[in-house]
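Asker: I am sharing model_30.pdb, which consists of PDB, C-alpha atoms and all ligand atoms:
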```pdb
ATOM      1  CA  MET A  49     -11.826 -23.598  -5.681  1.00  0.00           C
ATOM      2  CA  ASP A  50     -12.340 -21.441  -2.637  1.00  0.00           C
ATOM      3  CA  SER A  51      -9.864 -18.897  -3.780  1.00  0.00           C
ATOM      4  CA  ILE A  52     -11.712 -18.484  -7.062  1.00  0.00           C
ATOM      5  CA  VAL A  53     -14.951 -17.736  -5.244  1.00  0.00           C
ATOM      6  CA  ASN A  54     -13.113 -15.384  -3.005  1.00  0.00           C
ATOM      7  CA  SER A  55     -11.374 -13.452  -5.722  1.00  0.00           C
ATOM      8  CA  LYS A  56     -14.706 -12.687  -7.313  1.00  0.00           C
ATOM      9  CA  ARG A  57     -16.120 -11.475  -4.058  1.00  0.00           C
ATOM     10  CA  SER A  58     -13.275  -9.203  -3.120  1.00  0.00           C
ATOM     11  CA  ARG A  59     -12.831  -7.599  -6.502  1.00  0.00           C
ATOM     12  CA  ALA A  60     -11.680  -4.022  -6.132  1.00  0.00           C
ATOM     13  CA  LYS A  61     -10.197  -1.467  -8.455  1.00  0.00           C
ATOM     14  CA  SER A  62      -6.455  -1.385  -8.563  1.00  0.00           C
ATOM     15  CA  ALA A  63      -5.949   0.856 -11.555  1.00  0.00           C
ATOM     16  CA  ALA A  64      -5.235   4.454 -10.682  1.00  0.00           C
ATOM     17  CA  PRO A  65      -8.469   6.159  -9.625  1.00  0.00           C
ATOM     18  CA  ALA A  66     -10.026   8.465 -12.189  1.00  0.00           C
ATOM     19  CA  GLN A  67      -8.573  11.944 -11.897  1.00  0.00           C
ATOM     20  CA  PRO A  68     -10.845  14.915 -11.604  1.00  0.00           C
ATOM     21  CA  GLU A  69      -9.604  17.982 -13.511  1.00  0.00           C
ATOM     22  CA  ARG A  70      -5.958  18.305 -12.488  1.00  0.00           C
ATOM     23  CA  PRO A  71      -4.851  21.756 -11.298  1.00  0.00           C
ATOM     24  CA  THR A  72      -1.798  23.367 -12.842  1.00  0.00           C
ATOM     25  CA  ARG A  73       1.547  23.411 -11.055  1.00  0.00           C
ATOM     26  CA  GLU A  74       1.043  27.135 -10.403  1.00  0.00           C
ATOM     27  CA  GLN A  75      -2.319  26.460  -8.783  1.00  0.00           C
ATOM     28  CA  ALA A  76      -0.793  23.740  -6.611  1.00  0.00           C
ATOM     29  CA  GLU A  77       2.003  26.093  -5.513  1.00  0.00           C
ATOM     30  CA  ALA A  78      -0.555  28.803  -4.715  1.00  0.00           C
ATOM     31  CA  ALA A  79      -2.410  26.315  -2.522  1.00  0.00           C
ATOM     32  CA  VAL A  80       0.791  25.635  -0.564  1.00  0.00           C
ATOM     33  CA  ARG A  81       1.254  29.404  -0.083  1.00  0.00           C
ATOM     34  CA  THR A  82      -2.259  29.533   1.329  1.00  0.00           C
ATOM     35  CA  LEU A  83      -1.468  26.745   3.794  1.00  0.00           C
ATOM     36  CA  ILE A  84       1.741  28.516   4.897  1.00  0.00           C
ATOM     37  CA  SER A  85      -0.319  31.640   5.589  1.00  0.00           C
ATOM     38  CA  TRP A  86      -2.944  29.546   7.340  1.00  0.00           C
ATOM     39  CA  ALA A  87      -0.224  28.080   9.581  1.00  0.00           C
ATOM     40  CA  GLY A  88       0.592  31.677  10.562  1.00  0.00           C
ATOM     41  CA  ASP A  89       3.757  32.394   8.621  1.00  0.00           C
ATOM     42  CA  ASP A  90       4.681  34.687   5.751  1.00  0.00           C
ATOM     43  CA  PRO A  91       5.105  32.796   2.454  1.00  0.00           C
ATOM     44  CA  ASP A  92       7.170  35.715   1.096  1.00  0.00           C
ATOM     45  CA  ARG A  93       9.889  35.599   3.698  1.00  0.00           C
ATOM     46  CA  GLU A  94      13.258  34.426   2.486  1.00  0.00           C
ATOM     47  CA  GLY A  95      13.277  30.906   3.913  1.00  0.00           C
ATOM     48  CA  LEU A  96       9.823  30.098   2.611  1.00  0.00           C
ATOM     49  CA  ARG A  97       9.940  31.639  -0.829  1.00  0.00           C
ATOM     50  CA  ALA A  98      10.898  28.433  -2.658  1.00  0.00           C
ATOM     51  CA  THR A  99       8.895  26.170  -0.381  1.00  0.00           C
ATOM     52  CA  PRO A 100       5.725  25.889  -2.484  1.00  0.00           C
ATOM     53  CA  GLU A 101       7.825  24.780  -5.447  1.00  0.00           C
ATOM     54  CA  ARG A 102       9.657  22.229  -3.313  1.00  0.00           C
ATOM     55  CA  VAL A 103       6.469  20.900  -1.742  1.00  0.00           C
ATOM     56  CA  VAL A 104       4.852  20.407  -5.130  1.00  0.00           C
ATOM     57  CA  ARG A 105       7.932  18.528  -6.328  1.00  0.00           C
ATOM     58  CA  ALA A 106       7.843  16.377  -3.198  1.00  0.00           C
ATOM     59  CA  TYR A 107       4.198  15.599  -3.906  1.00  0.00           C
ATOM     60  CA  GLU A 108       5.164  14.225  -7.302  1.00  0.00           C
ATOM     61  CA  GLU A 109       7.345  11.711  -5.506  1.00  0.00           C
ATOM     62  CA  TRP A 110       5.087  10.954  -2.524  1.00  0.00           C
ATOM     63  CA  PHE A 111       2.048  10.430  -4.720  1.00  0.00           C
ATOM     64  CA  SER A 112       3.646   8.864  -7.744  1.00  0.00           C
ATOM     65  CA  GLY A 113       1.435   5.794  -7.227  1.00  0.00           C
ATOM     66  CA  TYR A 114      -1.451   7.453  -9.068  1.00  0.00           C
ATOM     67  CA  LYS A 115       0.419   7.164 -12.343  1.00  0.00           C
ATOM     68  CA  ASP A 116       0.954   3.418 -12.122  1.00  0.00           C
ATOM     69  CA  HIS A 117      -1.264   0.467 -12.949  1.00  0.00           C
ATOM     70  CA  PRO A 118      -0.062  -2.318 -10.667  1.00  0.00           C
ATOM     71  CA  ARG A 119      -2.193  -4.969 -12.326  1.00  0.00           C
ATOM     72  CA  ASP A 120      -0.674  -4.537 -15.770  1.00  0.00           C
ATOM     73  CA  TYR A 121       2.732  -4.283 -14.229  1.00  0.00           C
ATOM     74  CA  LEU A 122       2.476  -7.616 -12.383  1.00  0.00           C
ATOM     75  CA  LYS A 123       1.003  -9.292 -15.455  1.00  0.00           C
ATOM     76  CA  ARG A 124       4.101  -8.567 -17.451  1.00  0.00           C
ATOM     77  CA  THR A 125       6.481 -10.089 -14.965  1.00  0.00           C
ATOM     78  CA  PHE A 126       5.406 -13.613 -14.146  1.00  0.00           C
ATOM     79  CA  GLU A 127       7.622 -16.640 -14.510  1.00  0.00           C
ATOM     80  CA  GLU A 128       6.882 -20.345 -14.460  1.00  0.00           C
ATOM     81  CA  THR A 129       7.178 -21.886 -11.008  1.00  0.00           C
ATOM     82  CA  GLY A 130       9.220 -24.886 -12.147  1.00  0.00           C
ATOM     83  CA  GLY A 131       7.104 -27.111  -9.914  1.00  0.00           C
ATOM     84  CA  TYR A 132       7.564 -25.039  -6.758  1.00  0.00           C
ATOM     85  CA  ASP A 133       4.478 -25.573  -4.619  1.00  0.00           C
ATOM     86  CA  GLU A 134       5.285 -24.135  -1.209  1.00  0.00           C
ATOM     87  CA  VAL A 135       4.326 -20.836   0.351  1.00  0.00           C
ATOM     88  CA  VAL A 136       6.409 -17.856  -0.748  1.00  0.00           C
ATOM     89  CA  VAL A 137       6.909 -15.257   1.980  1.00  0.00           C
ATOM     90  CA  LEU A 138       8.342 -11.809   1.571  1.00  0.00           C
ATOM     91  CA  ARG A 139       8.607  -9.929   4.812  1.00  0.00           C
ATOM     92  CA  ASP A 140       9.536  -6.464   6.033  1.00  0.00           C
ATOM     93  CA  ILE A 141       8.846  -4.509   2.873  1.00  0.00           C
ATOM     94  CA  ARG A 142       9.107  -0.967   4.123  1.00  0.00           C
ATOM     95  CA  PHE A 143       6.496   1.466   2.899  1.00  0.00           C
ATOM     96  CA  GLU A 144       5.745   5.137   3.299  1.00  0.00           C
ATOM     97  CA  SER A 145       2.237   6.359   2.686  1.00  0.00           C
ATOM     98  CA  PHE A 146      -0.042   9.217   3.675  1.00  0.00           C
ATOM     99  CA  CYS A 147      -3.335   8.889   5.485  1.00  0.00           C
ATOM    100  CA  GLU A 148      -6.233  10.198   3.517  1.00  0.00           C
ATOM    101  CA  HIS A 149      -7.821  11.805   6.561  1.00  0.00           C
ATOM    102  CA  HIS A 150      -4.951  14.092   7.602  1.00  0.00           C
ATOM    103  CA  MET A 151      -2.393  13.687   4.821  1.00  0.00           C
ATOM    104  CA  ALA A 152       0.091  12.715   7.528  1.00  0.00           C
ATOM    105  CA  PRO A 153       2.719   9.996   6.971  1.00  0.00           C
ATOM    106  CA  ILE A 154       1.977   6.341   7.600  1.00  0.00           C
ATOM    107  CA  ILE A 155       5.250   4.453   7.904  1.00  0.00           C
ATOM    108  CA  GLY A 156       5.557   0.741   8.281  1.00  0.00           C
ATOM    109  CA  ARG A 157       6.145  -2.657   6.774  1.00  0.00           C
ATOM    110  CA  VAL A 158       4.172  -5.055   4.654  1.00  0.00           C
ATOM    111  CA  HIS A 159       4.553  -8.827   4.693  1.00  0.00           C
ATOM    112  CA  ILE A 160       3.387 -10.809   1.694  1.00  0.00           C
ATOM    113  CA  GLY A 161       2.709 -14.519   1.459  1.00  0.00           C
ATOM    114  CA  TYR A 162       1.244 -16.497  -1.396  1.00  0.00           C
ATOM    115  CA  LEU A 163       0.944 -20.080  -2.479  1.00  0.00           C
ATOM    116  CA  PRO A 164       1.729 -20.082  -6.199  1.00  0.00           C
ATOM    117  CA  ARG A 165      -0.407 -22.041  -8.614  1.00  0.00           C
ATOM    118  CA  ASN A 166       1.353 -21.605 -11.952  1.00  0.00           C
ATOM    119  CA  ARG A 167       3.410 -18.503 -11.652  1.00  0.00           C
ATOM    120  CA  VAL A 168       5.592 -16.462  -9.374  1.00  0.00           C
ATOM    121  CA  VAL A 169       6.948 -12.941  -9.580  1.00  0.00           C
ATOM    122  CA  GLY A 170      10.317 -11.531  -8.654  1.00  0.00           C
ATOM    123  CA  ILE A 171      10.823 -10.057  -5.196  1.00  0.00           C
ATOM    124  CA  SER A 172      11.410  -6.576  -6.531  1.00  0.00           C
ATOM    125  CA  LYS A 173       8.088  -6.662  -8.383  1.00  0.00           C
ATOM    126  CA  LEU A 174       6.156  -7.310  -5.200  1.00  0.00           C
ATOM    127  CA  ALA A 175       8.036  -4.589  -3.357  1.00  0.00           C
ATOM    128  CA  ARG A 176       7.238  -2.267  -6.230  1.00  0.00           C
ATOM    129  CA  LEU A 177       3.578  -3.260  -6.050  1.00  0.00           C
ATOM    130  CA  VAL A 178       3.500  -2.183  -2.400  1.00  0.00           C
ATOM    131  CA  ASP A 179       4.983   1.178  -3.389  1.00  0.00           C
ATOM    132  CA  VAL A 180       2.372   1.787  -6.059  1.00  0.00           C
ATOM    133  CA  TYR A 181      -0.446   1.439  -3.535  1.00  0.00           C
ATOM    134  CA  ALA A 182       1.450   3.189  -0.736  1.00  0.00           C
ATOM    135  CA  ARG A 183       2.206   6.267  -2.810  1.00  0.00           C
ATOM    136  CA  ARG A 184      -1.384   7.378  -2.802  1.00  0.00           C
ATOM    137  CA  LEU A 185      -3.618   8.851  -0.146  1.00  0.00           C
ATOM    138  CA  GLN A 186      -4.545   5.779   1.836  1.00  0.00           C
ATOM    139  CA  ILE A 187      -6.053   4.119   4.797  1.00  0.00           C
ATOM    140  CA  GLN A 188      -4.068   1.119   5.930  1.00  0.00           C
ATOM    141  CA  GLU A 189      -7.004  -1.292   5.750  1.00  0.00           C
ATOM    142  CA  LYS A 190      -7.685  -0.398   2.132  1.00  0.00           C
ATOM    143  CA  MET A 191      -4.044  -0.587   1.112  1.00  0.00           C
ATOM    144  CA  THR A 192      -3.755  -4.055   2.678  1.00  0.00           C
ATOM    145  CA  ALA A 193      -6.829  -5.278   0.806  1.00  0.00           C
ATOM    146  CA  GLU A 194      -5.747  -3.720  -2.493  1.00  0.00           C
ATOM    147  CA  ILE A 195      -2.354  -5.440  -2.436  1.00  0.00           C
ATOM    148  CA  ALA A 196      -3.998  -8.795  -1.664  1.00  0.00           C
ATOM    149  CA  THR A 197      -6.651  -8.412  -4.361  1.00  0.00           C
ATOM    150  CA  CYS A 198      -4.131  -7.422  -7.007  1.00  0.00           C
ATOM    151  CA  ILE A 199      -1.865 -10.411  -6.370  1.00  0.00           C
ATOM    152  CA  ASP A 200      -4.887 -12.704  -6.175  1.00  0.00           C
ATOM    153  CA  GLU A 201      -6.363 -11.559  -9.452  1.00  0.00           C
ATOM    154  CA  VAL A 202      -3.178 -11.350 -11.475  1.00  0.00           C
ATOM    155  CA  LEU A 203      -1.200 -14.376 -10.274  1.00  0.00           C
ATOM    156  CA  LYS A 204      -4.276 -16.464  -9.394  1.00  0.00           C
ATOM    157  CA  PRO A 205      -2.417 -18.298  -6.617  1.00  0.00           C
ATOM    158  CA  HIS A 206      -4.007 -20.797  -4.226  1.00  0.00           C
ATOM    159  CA  GLY A 207      -4.048 -18.031  -1.663  1.00  0.00           C
ATOM    160  CA  VAL A 208      -2.639 -14.670  -0.626  1.00  0.00           C
ATOM    161  CA  ALA A 209      -1.786 -13.354   2.830  1.00  0.00           C
ATOM    162  CA  ILE A 210      -0.963  -9.733   3.518  1.00  0.00           C
ATOM    163  CA  VAL A 211      -0.097  -8.223   6.885  1.00  0.00           C
ATOM    164  CA  ALA A 212       0.749  -4.552   7.291  1.00  0.00           C
ATOM    165  CA  GLU A 213       2.164  -2.977  10.442  1.00  0.00           C
ATOM    166  CA  ALA A 214       2.513   0.779  10.616  1.00  0.00           C
ATOM    167  CA  THR A 215       2.540   3.870  12.749  1.00  0.00           C
ATOM    168  CA  HIS A 216       0.323   6.756  11.793  1.00  0.00           C
ATOM    169  CA  GLN A 217       1.749  10.198  12.380  1.00  0.00           C
ATOM    170  CA  CYS A 218      -1.737  11.662  12.603  1.00  0.00           C
ATOM    171  CA  MET A 219      -1.941   9.631  15.823  1.00  0.00           C
ATOM    172  CA  THR A 220       1.572  10.160  17.124  1.00  0.00           C
ATOM    173  CA  THR A 221       2.088  13.883  16.449  1.00  0.00           C
ATOM    174  CA  ARG A 222      -1.400  15.270  16.941  1.00  0.00           C
ATOM    175  CA  GLY A 223      -4.812  14.331  18.292  1.00  0.00           C
ATOM    176  CA  ILE A 224      -4.343  11.695  20.971  1.00  0.00           C
ATOM    177  CA  HIS A 225      -0.503  11.777  20.716  1.00  0.00           C
ATOM    178  CA  LYS A 226      -0.103   8.068  21.201  1.00  0.00           C
ATOM    179  CA  THR A 227       3.473   7.150  20.423  1.00  0.00           C
ATOM    180  CA  GLY A 228       4.621   3.577  20.017  1.00  0.00           C
ATOM    181  CA  VAL A 229       1.242   2.410  18.784  1.00  0.00           C
ATOM    182  CA  THR A 230       1.410   0.144  15.773  1.00  0.00           C
ATOM    183  CA  MET A 231      -1.619  -0.668  13.713  1.00  0.00           C
ATOM    184  CA  VAL A 232      -1.764  -4.173  12.287  1.00  0.00           C
ATOM    185  CA  THR A 233      -4.052  -5.043   9.411  1.00  0.00           C
ATOM    186  CA  SER A 234      -4.315  -8.205   7.403  1.00  0.00           C
ATOM    187  CA  ARG A 235      -6.059  -9.755   4.465  1.00  0.00           C
ATOM    188  CA  MET A 236      -6.197 -13.514   4.031  1.00  0.00           C
ATOM    189  CA  LEU A 237      -7.520 -15.029   0.824  1.00  0.00           C
ATOM    190  CA  GLY A 238      -7.890 -18.604  -0.413  1.00  0.00           C
ATOM    191  CA  VAL A 239      -5.913 -21.210   1.529  1.00  0.00           C
ATOM    192  CA  PHE A 240      -4.657 -18.636   4.023  1.00  0.00           C
ATOM    193  CA  ARG A 241      -8.217 -17.851   4.969  1.00  0.00           C
ATOM    194  CA  ASP A 242      -9.560 -21.379   4.848  1.00  0.00           C
ATOM    195  CA  HIS A 243      -6.721 -23.363   6.408  1.00  0.00           C
ATOM    196  CA  ALA A 244      -5.519 -22.398   9.860  1.00  0.00           C
ATOM    197  CA  GLU A 245      -2.316 -24.380   9.361  1.00  0.00           C
ATOM    198  CA  THR A 246      -1.277 -22.478   6.231  1.00  0.00           C
ATOM    199  CA  ARG A 247      -2.158 -19.200   7.900  1.00  0.00           C
ATOM    200  CA  GLN A 248      -0.061 -20.112  10.951  1.00  0.00           C
ATOM    201  CA  GLU A 249       2.848 -21.062   8.712  1.00  0.00           C
ATOM    202  CA  PHE A 250       2.755 -17.561   7.239  1.00  0.00           C
ATOM    203  CA  LEU A 251       2.256 -15.794  10.568  1.00  0.00           C
ATOM    204  CA  SER A 252       5.146 -17.570  12.205  1.00  0.00           C
ATOM    205  CA  ALA A 253       7.337 -16.900   9.162  1.00  0.00           C
ATOM    206  CA  ILE A 254       6.770 -13.185   9.701  1.00  0.00           C
ATOM    207  CA  GLY A 255       7.030 -13.495  13.483  1.00  0.00           C
ATOM    208  CA  LEU A 256       3.396 -12.641  14.181  1.00  0.00           C
ATOM    209  CA  ARG A 257       1.910 -15.947  15.328  1.00  0.00           C
ATOM    210  CA  GLY A 258      -1.811 -15.512  15.799  1.00  0.00           C
ATOM    211  CA  ALA A 259      -1.717 -11.737  15.944  1.00  0.00           C
ATOM    212  CA  ALA A 260      -3.076 -11.048  12.507  1.00  0.00           C
ATOM    213  CA  GLN A 261      -6.312 -12.886  13.150  1.00  0.00           C
ATOM    214  CA  VAL A 262      -7.357 -10.053  15.400  1.00  0.00           C
ATOM    215  CA  ALA A 263      -7.379  -7.505  12.623  1.00  0.00           C
ATOM    216  CA  ASN A 264      -8.238  -9.814   9.755  1.00  0.00           C
ATOM    217  CA  GLY A 265     -10.270  -7.994   7.194  1.00  0.00           C
ATOM    218  CA  GLY A 266     -10.424 -11.103   5.065  1.00  0.00           C
ATOM    219  CA  GLY A 267     -14.012 -12.237   5.611  1.00  0.00           C
TER     220      GLY A 267
HETATM  221 ZN    ZN B   1      -5.005  10.310   9.752  1.00  0.00          ZN
END
```
Output the structure of this file as structure tokens.
Answerer:
Amino acid sequence: MDSIVNSKRSRAKSAAPAQPERPTREQAEAAVRTLISWAGDDPDREGLRATPERVVRAYEEWFSGYKDHPRDYLKRTFEETGGYDEVVVLRDIRFESFCEHHMAPIIGRVHIGYLPRNRVVGISKLARLVDVYARRLQIQEKMTAEIATCIDEVLKPHGVAIVAEATHQCMTTRGIHKTGVTMVTSRMLGVFRDHAETRQEFLSAIGLRGAAQVANGGG
């Protein structure tokens, strides 16, 4: 019952955000030329001439998450649990994202736990779900919450636990230049929020006993 209450409270959009007028490819390439000039180089020199085109192509890959609707995707892929009623844990799903403040890479891992009610999804679907949210401009806290909310609303499990660990290159390569710092965020819903024992089961399964409570955004 608690997880039902909770899913209503933490409702958030998971469909791709509405797009403002999209610039043309030529406009996007021109913007990259401007940034090259701003950095202090000559966009017309030999080595840089094809760079705007390459950067724009790379953007299509890095930000492909805007095209996808994770909710619909998960909906199509459930299977009956066949009576399975234990926690499912998927750990060390690597992700690559970009921080929305500096557009610098965020690289890390996501761990997913859920206690199925009637349905489960394949491992690859959950990994794909992480990618859809990661391949957008993000902050780690929001990405963590979005993944939890999506699984909660689509699969309607007894609970969902998400922990993300990542390094932010806007911290390691600029600004305060802190290398080796990992940010840990978590979102606990339903039984993972309400029952310490279930939460501990998940945290020890991912090798993070107790740690995720510190950064729990689950309240
Ligand atoms: Zn940043």
Asker: Show me, as JSON lines, the residues of chain A having an atom within 9 Å of ligand ZN 1 (chain B), each with the closest atom pair and its distance in Å, using only C-alpha atoms and all ligand atoms.
Answerer:
```
{"residue": "A:Phe146", "atom": "CA", "partner": "B:ZN1", "partner_atom": "ZN", "distance": 7.9}
{"residue": "A:Cys147", "atom": "CA", "partner": "B:ZN1", "partner_atom": "ZN", "distance": 4.8}
{"residue": "A:Glu148", "atom": "CA", "partner": "B:ZN1", "partner_atom": "ZN", "distance": 6.4}
{"residue": "A:His149", "atom": "CA", "partner": "B:ZN1", "partner_atom": "ZN", "distance": 4.5}
{"residue": "A:His150", "atom": "CA", "partner": "B:ZN1", "partner_atom": "ZN", "distance": 4.4}
{"residue": "A:Met151", "atom": "CA", "partner": "B:ZN1", "partner_atom": "ZN", "distance": 6.5}
{"residue": "A:Ala152", "atom": "CA", "partner": "B:ZN1", "partner_atom": "ZN", "distance": 6.1}
{"residue": "A:Pro153", "atom": "CA", "partner": "B:ZN1", "partner_atom": "ZN", "distance": 8.2}
{"residue": "A:Ile154", "atom": "CA", "partner": "B:ZN1", "partner_atom": "ZN", "distance": 8.3}
{"residue": "A:Ile187", "atom": "CA", "partner": "B:ZN1", "partner_atom": "ZN", "distance": 8.0}
{"residue": "A:His216", "atom": "CA", "partner": "B:ZN1", "partner_atom": "ZN", "distance": 6.7}
{"residue": "A:Gln217", "atom": "CA", "partner": "B:ZN1", "partner_atom": "ZN", "distance": 7.2}
{"residue": "A:Cys218", "atom": "CA", "partner": "B:ZN1", "partner_atom": "ZN", "distance": 4.5}
{"residue": "A:Met219", "atom": "CA", "partner": "B:ZN1", "partner_atom": "ZN", "distance": 6.8}
```
Asker: Please, could you write that set of residues out with C-alpha atoms as a short mmCIF file (atom, residue, chain, number, x, y, z; two decimals), in the coordinates of the input?
Answerer:
```cif
data_model
loop_
_atom_site.label_atom_id
_atom_site.label_comp_id
_atom_site.auth_asym_id
_atom_site.auth_seq_id
_atom_site.Cartn_x
_atom_site.Cartn_y
_atom_site.Cartn_z
CA PHE A 146 -0.04 9.22 3.68
CA CYS A 147 -3.34 8.89 5.48
CA GLU A 148 -6.23 10.20 3.52
CA HIS A 149 -7.82 11.80 6.56
CA HIS A 150 -4.95 14.09 7.60
CA MET A 151 -2.39 13.69 4.82
CA ALA A 152 0.09 12.72 7.53
CA PRO A 153 2.72 10.00 6.97
CA ILE A 154 1.98 6.34 7.60
CA ILE A 187 -6.05 4.12 4.80
CA HIS A 216 0.32 6.76 11.79
CA GLN A 217 1.75 10.20 12.38
CA CYS A 218 -1.74 11.66 12.60
CA MET A 219 -1.94 9.63 15.82
#
```
Asker: Could you please determine the separation between atom CA of A:Val239 and atom CA of A:Leu122 in Å, to one decimal place?
Answerer: 21.2 Å
Asker: Please enumerate the residues selected by the PyMOL selection byres (((chain A and resi 168) around 12) and not hetatm) when evaluated against the supplied file, formatted as JSON, numbers by chain.
Answerer: {"A": [122, 123, 124, 125, 126, 127, 128, 129, 130, 131, 132, 133, 134, 135, 136, 137, 161, 162, 163, 164, 165, 166, 167, 169, 170, 171, 172, 173, 174, 199, 200, 202, 203, 204, 205, 206]}
Asker: Could you check the closest approach to A:Arg235 for each of A:Thr221, A:Gln186, A:Thr82, A:Thr197 and tell me which residue wins, using all atoms listed in the file?
Answerer: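 Between A:Thr221, A:Gln186, A:Thr82, A:Thr197, the residue approaching A:Arg235 most closely is A:Thr197.
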Asker: My list of candidates is A:Glu69, A:Glu213, A:Glu74, A:Asp120. Which is closest to A:Thr230 when distances are computed with all atoms listed in the file?
Answerer: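 Closest to A:Thr230 of all the choices is A:Glu213.
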Asker: Please expand the PyMOL selection byres (((chain A and resi 142) around 10) and not hetatm) into the concrete residues it hits in this file, giving the result as an MDAnalysis selection string.
Answerer: chainID A and resid 139:141 143:144 155:159 175 178:179 182 212:214
Asker: Give the answer as one residue: which of A:Asp89, A:Glu94, A:Glu201, A:Glu77 has the shortest atom-to-atom distance to A:Tyr107, using all atoms listed in the file?
Answerer: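 Using all atoms listed in the file, the shortest distance to A:Tyr107 belongs to A:Glu77.
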Asker: In Å, rounded to a single decimal, give me how far atom CA of A:Val208 is from atom CA of A:Leu237.
Answerer: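 So the two atoms, atom CA of A:Leu237 and atom CA of A:Val208, lie 5.1 Å apart.
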Asker: Work out how far apart atom CA of A:Arg183 and atom CA of A:Ala78 are and give it in Å to one decimal.
Answerer: 22.8 Å
Asker: Residues within 7 Å of A:Met236, please, as a list of chain:residue names. Count all atoms listed in the file; anything in the same chain fewer than 5 positions from it doesn't count.
Answerer: A:Val208, A:Ala209, A:Ile210, A:Arg241, A:Gly266
Asker: Please determine, counting all atoms listed in the file, which residue among A:Ala244, A:Arg119, A:Gly207, A:Pro91 has the shortest atom-to-atom distance to A:Arg176.
Answerer: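 Among A:Ala244, A:Arg119, A:Gly207, A:Pro91, it is A:Arg119 that comes nearest to A:Arg176.
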Asker: Mind rebuilding stretch 172-185 of chain A with N, CA and C atoms and writing that out as a PDB file, in the frame of the given file?
Answerer:
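Just written: rebuild25.pdb:
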```pdb
ATOM      1  N   SER A 172      11.446  -8.020  -6.330  1.00  0.00           N
ATOM      2  CA  SER A 172      11.410  -6.576  -6.531  1.00  0.00           C
ATOM      3  C   SER A 172      10.055  -6.133  -7.086  1.00  0.00           C
ATOM      4  N   LYS A 173       9.389  -7.024  -7.828  1.00  0.00           N
ATOM      5  CA  LYS A 173       8.088  -6.662  -8.383  1.00  0.00           C
ATOM      6  C   LYS A 173       7.041  -6.512  -7.291  1.00  0.00           C
ATOM      7  N   LEU A 174       7.113  -7.397  -6.297  1.00  0.00           N
ATOM      8  CA  LEU A 174       6.156  -7.310  -5.200  1.00  0.00           C
ATOM      9  C   LEU A 174       6.425  -6.082  -4.337  1.00  0.00           C
ATOM     10  N   ALA A 175       7.688  -5.784  -4.121  1.00  0.00           N
ATOM     11  CA  ALA A 175       8.036  -4.589  -3.357  1.00  0.00           C
ATOM     12  C   ALA A 175       7.548  -3.345  -4.096  1.00  0.00           C
ATOM     13  N   ARG A 176       7.683  -3.382  -5.393  1.00  0.00           N
ATOM     14  CA  ARG A 176       7.238  -2.267  -6.230  1.00  0.00           C
ATOM     15  C   ARG A 176       5.705  -2.122  -6.178  1.00  0.00           C
ATOM     16  N   LEU A 177       5.036  -3.260  -6.148  1.00  0.00           N
ATOM     17  CA  LEU A 177       3.578  -3.260  -6.050  1.00  0.00           C
ATOM     18  C   LEU A 177       3.121  -2.554  -4.764  1.00  0.00           C
ATOM     19  N   VAL A 178       3.825  -2.841  -3.671  1.00  0.00           N
ATOM     20  CA  VAL A 178       3.500  -2.183  -2.400  1.00  0.00           C
ATOM     21  C   VAL A 178       3.655  -0.670  -2.549  1.00  0.00           C
ATOM     22  N   ASP A 179       4.733  -0.260  -3.193  1.00  0.00           N
ATOM     23  CA  ASP A 179       4.983   1.178  -3.389  1.00  0.00           C
ATOM     24  C   ASP A 179       3.874   1.854  -4.185  1.00  0.00           C
ATOM     25  N   VAL A 180       3.407   1.181  -5.212  1.00  0.00           N
ATOM     26  CA  VAL A 180       2.372   1.787  -6.059  1.00  0.00           C
ATOM     27  C   VAL A 180       1.131   2.112  -5.231  1.00  0.00           C
ATOM     28  N   TYR A 181       0.733   1.184  -4.366  1.00  0.00           N
ATOM     29  CA  TYR A 181      -0.446   1.439  -3.535  1.00  0.00           C
ATOM     30  C   TYR A 181      -0.136   2.397  -2.390  1.00  0.00           C
ATOM     31  N   ALA A 182       1.094   2.325  -1.863  1.00  0.00           N
ATOM     32  CA  ALA A 182       1.450   3.189  -0.736  1.00  0.00           C
ATOM     33  C   ALA A 182       1.544   4.649  -1.164  1.00  0.00           C
ATOM     34  N   ARG A 183       1.993   4.878  -2.389  1.00  0.00           N
ATOM     35  CA  ARG A 183       2.206   6.267  -2.810  1.00  0.00           C
ATOM     36  C   ARG A 183       0.929   6.902  -3.348  1.00  0.00           C
ATOM     37  N   ARG A 184      -0.098   6.737  -2.556  1.00  0.00           N
ATOM     38  CA  ARG A 184      -1.384   7.378  -2.802  1.00  0.00           C
ATOM     39  C   ARG A 184      -1.921   7.789  -1.443  1.00  0.00           C
ATOM     40  N   LEU A 185      -2.953   8.591  -1.418  1.00  0.00           N
ATOM     41  CA  LEU A 185      -3.618   8.851  -0.146  1.00  0.00           C
ATOM     42  C   LEU A 185      -4.329   7.566   0.242  1.00  0.00           C
TER      43      LEU A 185
END
```
